[in-house]
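**Student:** What follows is upload_29.csv, made up of CSV, C-alpha atoms and all ligand atoms:
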chain,number,residue,atom,x,y,z
A,1,MET,CA,-120.8,74.5,10.6
A,2,SER,CA,-117.4,76.2,10.7
A,3,SER,CA,-114.7,74.0,9.0
A,4,ASP,CA,-111.9,75.6,11.2
A,5,ASP,CA,-113.3,73.8,14.3
A,6,PRO,CA,-112.8,70.1,13.7
A,7,GLU,CA,-114.3,69.2,17.1
A,8,ALA,CA,-117.6,71.0,16.7
A,9,PHE,CA,-119.6,68.0,15.6
A,10,LEU,CA,-118.0,65.8,18.2
A,11,ARG,CA,-119.2,68.2,20.9
A,12,GLN,CA,-122.7,68.6,19.3
A,13,VAL,CA,-123.6,64.9,19.2
A,14,TYR,CA,-123.3,64.7,23.0
A,15,GLY,CA,-125.5,67.8,23.5
A,16,ALA,CA,-128.5,66.5,21.4
A,17,THR,CA,-131.7,66.5,23.3
A,18,ASP,CA,-133.5,63.8,21.3
A,19,GLY,CA,-133.0,61.2,18.6
A,20,GLU,CA,-134.3,63.5,15.8
A,21,GLU,CA,-131.8,66.2,16.7
A,22,LEU,CA,-129.0,63.6,17.0
A,23,ALA,CA,-129.8,62.1,13.6
A,24,SER,CA,-129.8,65.5,12.1
A,25,ILE,CA,-126.4,66.3,13.5
A,26,TYR,CA,-124.9,63.0,12.2
A,27,ASP,CA,-126.6,63.7,8.8
A,28,ASP,CA,-124.7,67.0,8.7
A,29,TRP,CA,-121.4,65.4,9.9
A,30,ALA,CA,-121.6,62.3,7.6
A,31,THR,CA,-119.5,63.5,4.6
A,32,ARG,CA,-116.5,64.5,6.8
A,33,TYR,CA,-116.9,62.0,9.6
A,34,ASP,CA,-114.3,59.6,8.3
A,35,SER,CA,-111.6,62.3,7.8
A,36,ASP,CA,-112.4,63.9,11.2
A,37,LEU,CA,-112.3,60.5,13.1
A,38,THR,CA,-109.1,59.5,11.3
A,39,GLY,CA,-107.6,62.9,12.3
A,40,PHE,CA,-108.6,62.2,16.0
A,41,GLY,CA,-106.8,58.8,15.8
A,42,TYR,CA,-110.1,56.9,16.4
A,43,ARG,CA,-109.0,53.5,17.9
A,44,ASN,CA,-112.2,51.5,18.1
A,45,PRO,CA,-112.2,50.0,14.5
A,46,ALA,CA,-108.8,48.5,14.8
A,47,VAL,CA,-109.3,46.9,18.3
A,48,ALA,CA,-112.8,45.8,17.3
A,49,ALA,CA,-111.6,44.1,14.1
A,50,GLY,CA,-109.0,42.2,16.2
A,51,LEU,CA,-111.6,41.0,18.6
A,52,ILE,CA,-114.1,40.1,15.9
A,53,GLY,CA,-111.4,38.2,14.1
A,54,ARG,CA,-110.6,36.3,17.3
A,55,HIS,CA,-114.1,35.1,18.0
A,56,VAL,CA,-116.4,35.2,14.9
A,57,ASP,CA,-115.8,32.9,12.0
A,58,THR,CA,-116.1,34.6,8.6
A,59,ALA,CA,-118.5,31.9,7.5
A,60,SER,CA,-120.7,31.8,10.6
A,61,GLY,CA,-123.5,33.8,9.2
A,62,THR,CA,-124.6,37.5,9.1
A,63,LEU,CA,-122.9,40.0,11.3
A,64,LEU,CA,-124.9,43.1,12.3
A,65,ASP,CA,-123.0,46.4,12.7
A,66,ALA,CA,-125.5,48.2,15.0
A,67,GLY,CA,-124.9,52.0,14.7
A,68,CYS,CA,-122.6,51.3,11.7
A,69,GLY,CA,-122.2,55.0,10.9
A,70,THR,CA,-120.3,55.5,7.7
A,71,GLY,CA,-119.0,51.9,7.7
A,72,LEU,CA,-115.4,52.5,9.0
A,73,LEU,CA,-115.6,49.0,10.6
A,74,GLY,CA,-117.4,47.3,7.8
A,75,GLU,CA,-114.7,48.3,5.4
A,76,ILE,CA,-112.0,46.8,7.6
A,77,LEU,CA,-114.1,43.6,8.1
A,78,SER,CA,-114.6,43.2,4.4
A,79,HIS,CA,-110.9,43.3,3.9
A,80,MET,CA,-110.7,40.5,6.5
A,81,GLY,CA,-113.1,38.3,4.6
A,82,TYR,CA,-116.4,39.1,6.3
A,83,HIS,CA,-118.8,39.5,3.4
A,84,ASP,CA,-122.1,38.8,5.1
A,85,LEU,CA,-122.5,42.2,6.7
A,86,SER,CA,-125.7,44.1,7.6
A,87,GLY,CA,-125.8,47.6,9.2
A,88,ILE,CA,-128.4,49.7,11.0
A,89,ASP,CA,-128.1,53.3,12.0
A,90,LEU,CA,-130.3,56.2,13.2
A,91,SER,CA,-128.9,58.6,10.6
A,92,GLN,CA,-129.7,58.2,6.9
A,93,GLY,CA,-126.8,60.5,6.0
A,94,MET,CA,-124.4,58.1,7.8
A,95,LEU,CA,-126.1,55.1,6.1
A,96,ASP,CA,-125.6,56.8,2.7
A,97,GLN,CA,-121.9,57.0,3.4
A,98,ALA,CA,-121.8,53.4,4.5
A,99,ALA,CA,-123.7,52.4,1.3
A,100,ALA,CA,-121.1,54.1,-0.8
A,101,LYS,CA,-118.4,51.8,0.5
A,102,SER,CA,-120.3,48.8,-1.0
A,103,VAL,CA,-119.4,46.4,1.9
A,104,TYR,CA,-122.8,45.9,3.6
A,105,ALA,CA,-125.3,43.6,1.9
A,106,ASN,CA,-128.1,45.3,3.8
A,107,LEU,CA,-128.4,48.7,5.4
A,108,GLN,CA,-131.5,49.9,7.3
A,109,GLN,CA,-132.5,53.0,9.3
A,110,MET,CA,-133.3,51.7,12.7
A,111,ALA,CA,-132.9,52.9,16.3
A,112,LEU,CA,-131.3,50.9,19.1
A,113,GLY,CA,-133.4,51.3,22.2
A,114,THR,CA,-136.6,50.5,20.3
A,115,ASP,CA,-137.9,47.2,19.1
A,116,LEU,CA,-135.7,46.0,16.2
A,117,ALA,CA,-137.4,44.7,13.0
A,118,PHE,CA,-135.4,41.4,12.9
A,119,GLU,CA,-136.5,37.9,13.9
A,120,ASP,CA,-135.0,36.1,17.0
A,121,GLY,CA,-131.5,34.7,16.4
A,122,ARG,CA,-131.1,36.4,13.0
A,123,PHE,CA,-127.4,37.2,13.4
A,124,SER,CA,-124.3,35.2,14.2
A,125,ALA,CA,-122.9,38.3,15.9
A,126,VAL,CA,-124.1,41.8,16.7
A,127,VAL,CA,-121.3,44.4,17.1
A,128,SER,CA,-121.6,48.1,18.1
A,129,PHE,CA,-119.0,50.7,18.5
A,130,GLY,CA,-119.4,54.3,19.8
A,131,VAL,CA,-123.1,53.9,20.0
A,132,LEU,CA,-124.0,52.6,23.5
A,133,THR,CA,-123.3,56.0,25.0
A,134,ALA,CA,-124.8,59.2,26.4
A,135,GLY,CA,-127.8,60.5,24.4
A,136,HIS,CA,-127.4,57.7,21.8
A,137,ALA,CA,-128.5,54.2,22.8
A,138,PRO,CA,-129.4,53.3,26.4
A,139,PRO,CA,-128.5,50.1,28.3
A,140,GLN,CA,-131.9,48.6,27.5
A,141,SER,CA,-130.8,48.4,23.9
A,142,LEU,CA,-128.9,45.3,24.9
A,143,ASP,CA,-132.1,43.3,25.4
A,144,GLU,CA,-133.0,43.5,21.7
A,145,MET,CA,-129.4,43.0,20.6
A,146,ILE,CA,-129.3,39.7,22.5
A,147,ARG,CA,-132.7,38.7,21.1
A,148,ILE,CA,-131.6,39.0,17.5
A,149,THR,CA,-128.3,37.2,18.1
A,150,LYS,CA,-128.4,33.4,17.6
A,151,PRO,CA,-127.9,31.2,20.7
A,152,GLY,CA,-124.1,30.8,21.2
A,153,GLY,CA,-123.5,33.9,19.1
A,154,TYR,CA,-121.5,36.9,20.0
A,155,LEU,CA,-122.1,40.5,21.1
A,156,ILE,CA,-119.0,42.7,20.8
A,157,PHE,CA,-119.4,46.4,21.7
A,158,SER,CA,-117.6,49.4,23.2
A,159,LEU,CA,-118.5,51.4,26.3
A,160,SER,CA,-116.7,54.5,27.5
A,161,ASN,CA,-115.5,55.2,31.0
A,162,LEU,CA,-118.0,58.1,31.0
A,163,VAL,CA,-121.0,55.9,30.7
A,164,TYR,CA,-120.0,52.4,31.9
A,165,GLU,CA,-120.9,52.9,35.6
A,166,PRO,CA,-122.6,56.3,35.6
A,167,LEU,CA,-125.3,55.4,33.0
A,168,GLY,CA,-126.1,51.9,34.3
A,169,PHE,CA,-124.3,49.8,31.7
A,170,LYS,CA,-122.2,48.0,34.3
A,171,ASP,CA,-125.4,46.9,36.2
A,172,LYS,CA,-127.1,46.0,33.0
A,173,LEU,CA,-124.3,43.7,31.9
A,174,ALA,CA,-124.4,42.0,35.3
A,175,SER,CA,-128.2,41.6,35.3
A,176,LEU,CA,-128.2,40.0,31.8
A,177,ASN,CA,-125.6,37.6,33.1
A,178,ALA,CA,-127.7,36.8,36.3
A,179,GLU,CA,-130.7,36.1,34.0
A,180,GLY,CA,-128.6,33.5,32.1
A,181,ARG,CA,-128.9,35.4,28.8
A,182,TRP,CA,-125.2,35.7,28.1
A,183,HIS,CA,-121.7,35.3,29.7
A,184,GLU,CA,-118.6,37.4,29.3
A,185,ILE,CA,-115.8,36.0,27.2
A,186,GLU,CA,-113.3,38.8,27.5
A,187,ARG,CA,-112.9,42.6,27.8
A,188,THR,CA,-110.0,44.9,26.9
A,189,ALA,CA,-108.5,47.3,29.2
A,190,PHE,CA,-109.8,50.9,29.0
A,191,PHE,CA,-107.8,52.6,26.2
A,192,PRO,CA,-107.8,56.2,24.9
A,193,VAL,CA,-110.3,56.1,22.0
A,194,LEU,CA,-109.8,59.5,20.4
A,195,PRO,CA,-106.2,60.3,21.4
A,196,GLY,CA,-105.9,63.1,18.8
A,197,SER,CA,-108.9,65.0,19.9
A,198,VAL,CA,-108.7,67.9,22.4
A,199,SER,CA,-112.2,67.7,23.9
A,200,GLU,CA,-112.1,63.9,24.3
A,201,ALA,CA,-108.4,63.2,24.7
A,202,THR,CA,-109.1,61.7,28.2
A,203,VAL,CA,-112.1,59.6,27.2
A,204,GLU,CA,-111.3,55.8,27.4
A,205,SER,CA,-113.1,53.0,25.7
A,206,CYS,CA,-113.4,49.3,26.8
A,207,ILE,CA,-114.5,46.7,24.3
A,208,PHE,CA,-116.5,43.7,25.7
A,209,VAL,CA,-117.1,40.3,24.1
A,210,PHE,CA,-120.2,38.4,25.3
A,211,GLN,CA,-121.6,35.1,24.1
A,212,THR,CA,-125.3,34.4,24.2
A,213,SER,CA,-126.5,31.3,26.1
A,214,PRO,CA,-127.2,28.2,24.1
A,215,ALA,CA,-130.8,27.4,23.1
A,216,LYS,CA,-132.7,25.5,25.8
A,217,ALA,CA,-133.3,21.9,24.9
A,218,THR,CA,-137.0,21.2,24.3
A,219,PRO,CA,-138.1,18.4,26.7
A,220,ASN,CA,-139.4,15.2,25.1
A,221,PRO,CA,-143.2,14.9,25.3
B,1,LIG,C1,-119.9,57.8,17.1
B,1,LIG,S1,-120.8,57.2,15.7
B,1,LIG,C2,-120.1,55.6,15.5
B,1,LIG,C3,-120.3,55.0,14.2
B,1,LIG,C4,-119.5,53.7,13.9
B,1,LIG,N1,-120.0,52.7,14.7
B,1,LIG,C5,-118.0,54.0,14.1
B,1,LIG,O1,-117.4,53.4,15.0
B,1,LIG,O2,-117.5,54.8,13.4
B,1,LIG,C6,-122.3,56.8,16.4
B,1,LIG,C7,-123.3,56.3,15.4
B,1,LIG,O3,-124.5,55.8,16.1
B,1,LIG,C8,-125.6,56.3,15.4
B,1,LIG,N2,-126.7,56.2,16.5
B,1,LIG,C9,-126.9,57.1,17.5
B,1,LIG,N3,-127.9,56.7,18.3
B,1,LIG,C10,-128.4,55.5,17.7
B,1,LIG,C11,-129.4,54.6,18.0
B,1,LIG,N4,-130.2,54.8,19.1
B,1,LIG,N5,-129.6,53.6,17.2
B,1,LIG,C12,-128.8,53.4,16.1
B,1,LIG,N6,-127.8,54.2,15.8
B,1,LIG,C13,-127.6,55.2,16.5
B,1,LIG,C14,-125.3,57.6,14.9
B,1,LIG,O4,-126.2,58.0,13.9
B,1,LIG,C15,-123.9,57.4,14.4
B,1,LIG,O5,-123.8,56.9,13.1
In structure tokens, write the structure found in this file.
**Tutor:**
Amino acid sequence: MSSDDPEAFLRQVYGATDGEELASIYDDWATRYDSDLTGFGYRNPAVAAGLIGRHVDTASGTLLDAGCGTGLLGEILSHMGYHDLSGIDLSQGMLDQAAAKSVYANLQQMALGTDLAFEDGRFSAVVSFGVLTAGHAPPQSLDEMIRITKPGGYLIFSLSNLVYEPLGFKDKLASLNAEGRWHEIERTAFFPVLPGSVSEATVESCIFVFQTSPAKATPNP
């Protein structure tokens, strides 16, 4: 990979044809991901941290960063007092970078869009930024993300303008609401997510906050 093209990895990840190729590209990107994203002015971690701080108590239980990457968000959350953090990611190279930050109690290689190896209601909140997107994790990932969130817990995640309607995320959010599985608490406006990048300067991100439905009361016998 030529080091004089800072956007080469950014373009490559959206051209991957399967999960194996995508993981391999992120493995190669991992050691320079943080400096590249910082150079592009990556906005998700700052906005995400504000919303997580607004809704999720630091003592409410374990927070899962799904597609945690190198742990840019986890590092910020640890500074905010969130010390019960777990992370999953497709790429072992990205997980290794996250582990080096020493802010996640547990890190596991796992793929959104497949069955997740966590029990029902395991997490107080599941957050995911830059992951529910083209060629990464499909709208159906949200079913498992809800299952592993405790009743009354939070799901906070970003969707870009490129995928929100075109890839069926808008319809999926609405159908989960119609099924009574969650309700929307708030969403941001769409904002430029990588304003310093050339190839993605016009891409906008919206961050959503949903709360899962409370547990159904068990009827008395
Ligand atoms: C754009 S990076 C975002 C990383 C981190 N959330 C951040 O905001 O910096 C996307 C991450 O999602 C991971 N990823 C892609 N597809 C995934 C999937 N299906 N399940 C879990 N992680 C996935 C990639 O390995 C990569 O680390």
**Student:** Within 6 Å of (-113.5, 40.8, 27.6), in the coordinates the file gives, what residues turn up when you count all atoms listed in the file, written out as a ChimeraX atom specification?
**Tutor:** /A:185-188,208-209
**Student:** Need to verify the contact set: region 86-99 of chain A, 6 Å, only C-alpha atoms, exclusion of same-chain residues closer than 4 positions in sequence. Can you return it as a list in words?
**Tutor:**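 The filter keeps Ala23, Asp27, Ala30, Leu64, Asp65, Ala66, Gly67, Cys68, Gly69, Thr70, Gly71, Tyr104, Ala105, Asn106, Leu107, Gln108, Gln109, Met110 and Ala111 of chain A.
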**Student:** Next, dump the selected residues to file, keeping only C-alpha atoms, as a PDB file, keeping the file's coordinate frame.
**Tutor:**
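And here's out20.pdb as it stands now:
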ATOM      1  CA  ALA A  23    -129.800  62.100  13.600  1.00  0.00           C
ATOM      2  CA  ASP A  27    -126.600  63.700   8.800  1.00  0.00           C
ATOM      3  CA  ALA A  30    -121.600  62.300   7.600  1.00  0.00           C
ATOM      4  CA  LEU A  64    -124.900  43.100  12.300  1.00  0.00           C
ATOM      5  CA  ASP A  65    -123.000  46.400  12.700  1.00  0.00           C
ATOM      6  CA  ALA A  66    -125.500  48.200  15.000  1.00  0.00           C
ATOM      7  CA  GLY A  67    -124.900  52.000  14.700  1.00  0.00           C
ATOM      8  CA  CYS A  68    -122.600  51.300  11.700  1.00  0.00           C
ATOM      9  CA  GLY A  69    -122.200  55.000  10.900  1.00  0.00           C
ATOM     10  CA  THR A  70    -120.300  55.500   7.700  1.00  0.00           C
ATOM     11  CA  GLY A  71    -119.000  51.900   7.700  1.00  0.00           C
ATOM     12  CA  TYR A 104    -122.800  45.900   3.600  1.00  0.00           C
ATOM     13  CA  ALA A 105    -125.300  43.600   1.900  1.00  0.00           C
ATOM     14  CA  ASN A 106    -128.100  45.300   3.800  1.00  0.00           C
ATOM     15  CA  LEU A 107    -128.400  48.700   5.400  1.00  0.00           C
ATOM     16  CA  GLN A 108    -131.500  49.900   7.300  1.00  0.00           C
ATOM     17  CA  GLN A 109    -132.500  53.000   9.300  1.00  0.00           C
ATOM     18  CA  MET A 110    -133.300  51.700  12.700  1.00  0.00           C
ATOM     19  CA  ALA A 111    -132.900  52.900  16.300  1.00  0.00           C
TER      20      ALA A 111
END
**Student:** A:Leu155, A:Ile52, A:Ile207, A:Ile25: which is nearest ligand LIG 1 (chain B), counting all atoms listed in the file?
**Tutor:**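 With all atoms listed in the file as the atom set, the closest residue is A:Ile25.
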**Student:** Record the distance separating CA of Val13 (chain A) and CA of Lys170 (chain A), expressed in Å with one decimal.
**Tutor:**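 CA of Val13 (chain A) sits 22.7 Å away from CA of Lys170 (chain A).
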**Student:** For ligand LIG 1 (chain B), which residue out of A:Gly74, A:Gly15, A:Gly81, A:Gly168 is the nearest one, using only C-alpha atoms and all ligand atoms?
**Tutor:** A:Gly74
**Student:** Just give me the gap between CA of Leu37 (chain A) and CA of Cys206 (chain A) in Å, one decimal is fine.
**Tutor:**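 Going from CA of Leu37 (chain A) over to CA of Cys206 (chain A) covers 17.7 Å.
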**Student:** For Thr38 (chain A), which residue out of A:Ala189, A:Ala134, A:Leu194, A:Ala59 is the nearest one, using all atoms listed in the file?
**Tutor:** A:Leu194
**Student:** Between A:Ala137, A:Leu176, A:Ala125, A:Ala117, which residue has the minimum interatomic distance to ligand LIG 1 (chain B), considering all atoms listed in the file?
**Tutor:**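 When distances to ligand LIG 1 (chain B) are compared using all atoms listed in the file, the smallest one comes from A:Ala137.
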**Student:** Can you list, as a VMD selection string, every protein, DNA or RNA residue that comes within 9 Å of Ser197 (chain A) when you count all atoms listed in the file, leaving out same-chain residues fewer than 3 positions away?
**Tutor:** chain A and resid 6 to 7 37 39 to 42 194 200 to 202
**Student:** Given the point (-130.1, 44.3, 25.1) in the file's coordinates, find the residues that have an atom at most 10 Å from it, counting only C-alpha atoms, and give them as an NGL selection string.
**Tutor:** :A and (112-113 or 138-148 or 155 or 172-173 or 176 or 181)
**Student:** So which one's closest to Thr17 (chain A), A:Gly135, A:Gly152, A:Pro192, A:Pro214? Using all atoms listed in the file, please.
**Tutor:** A:Gly135
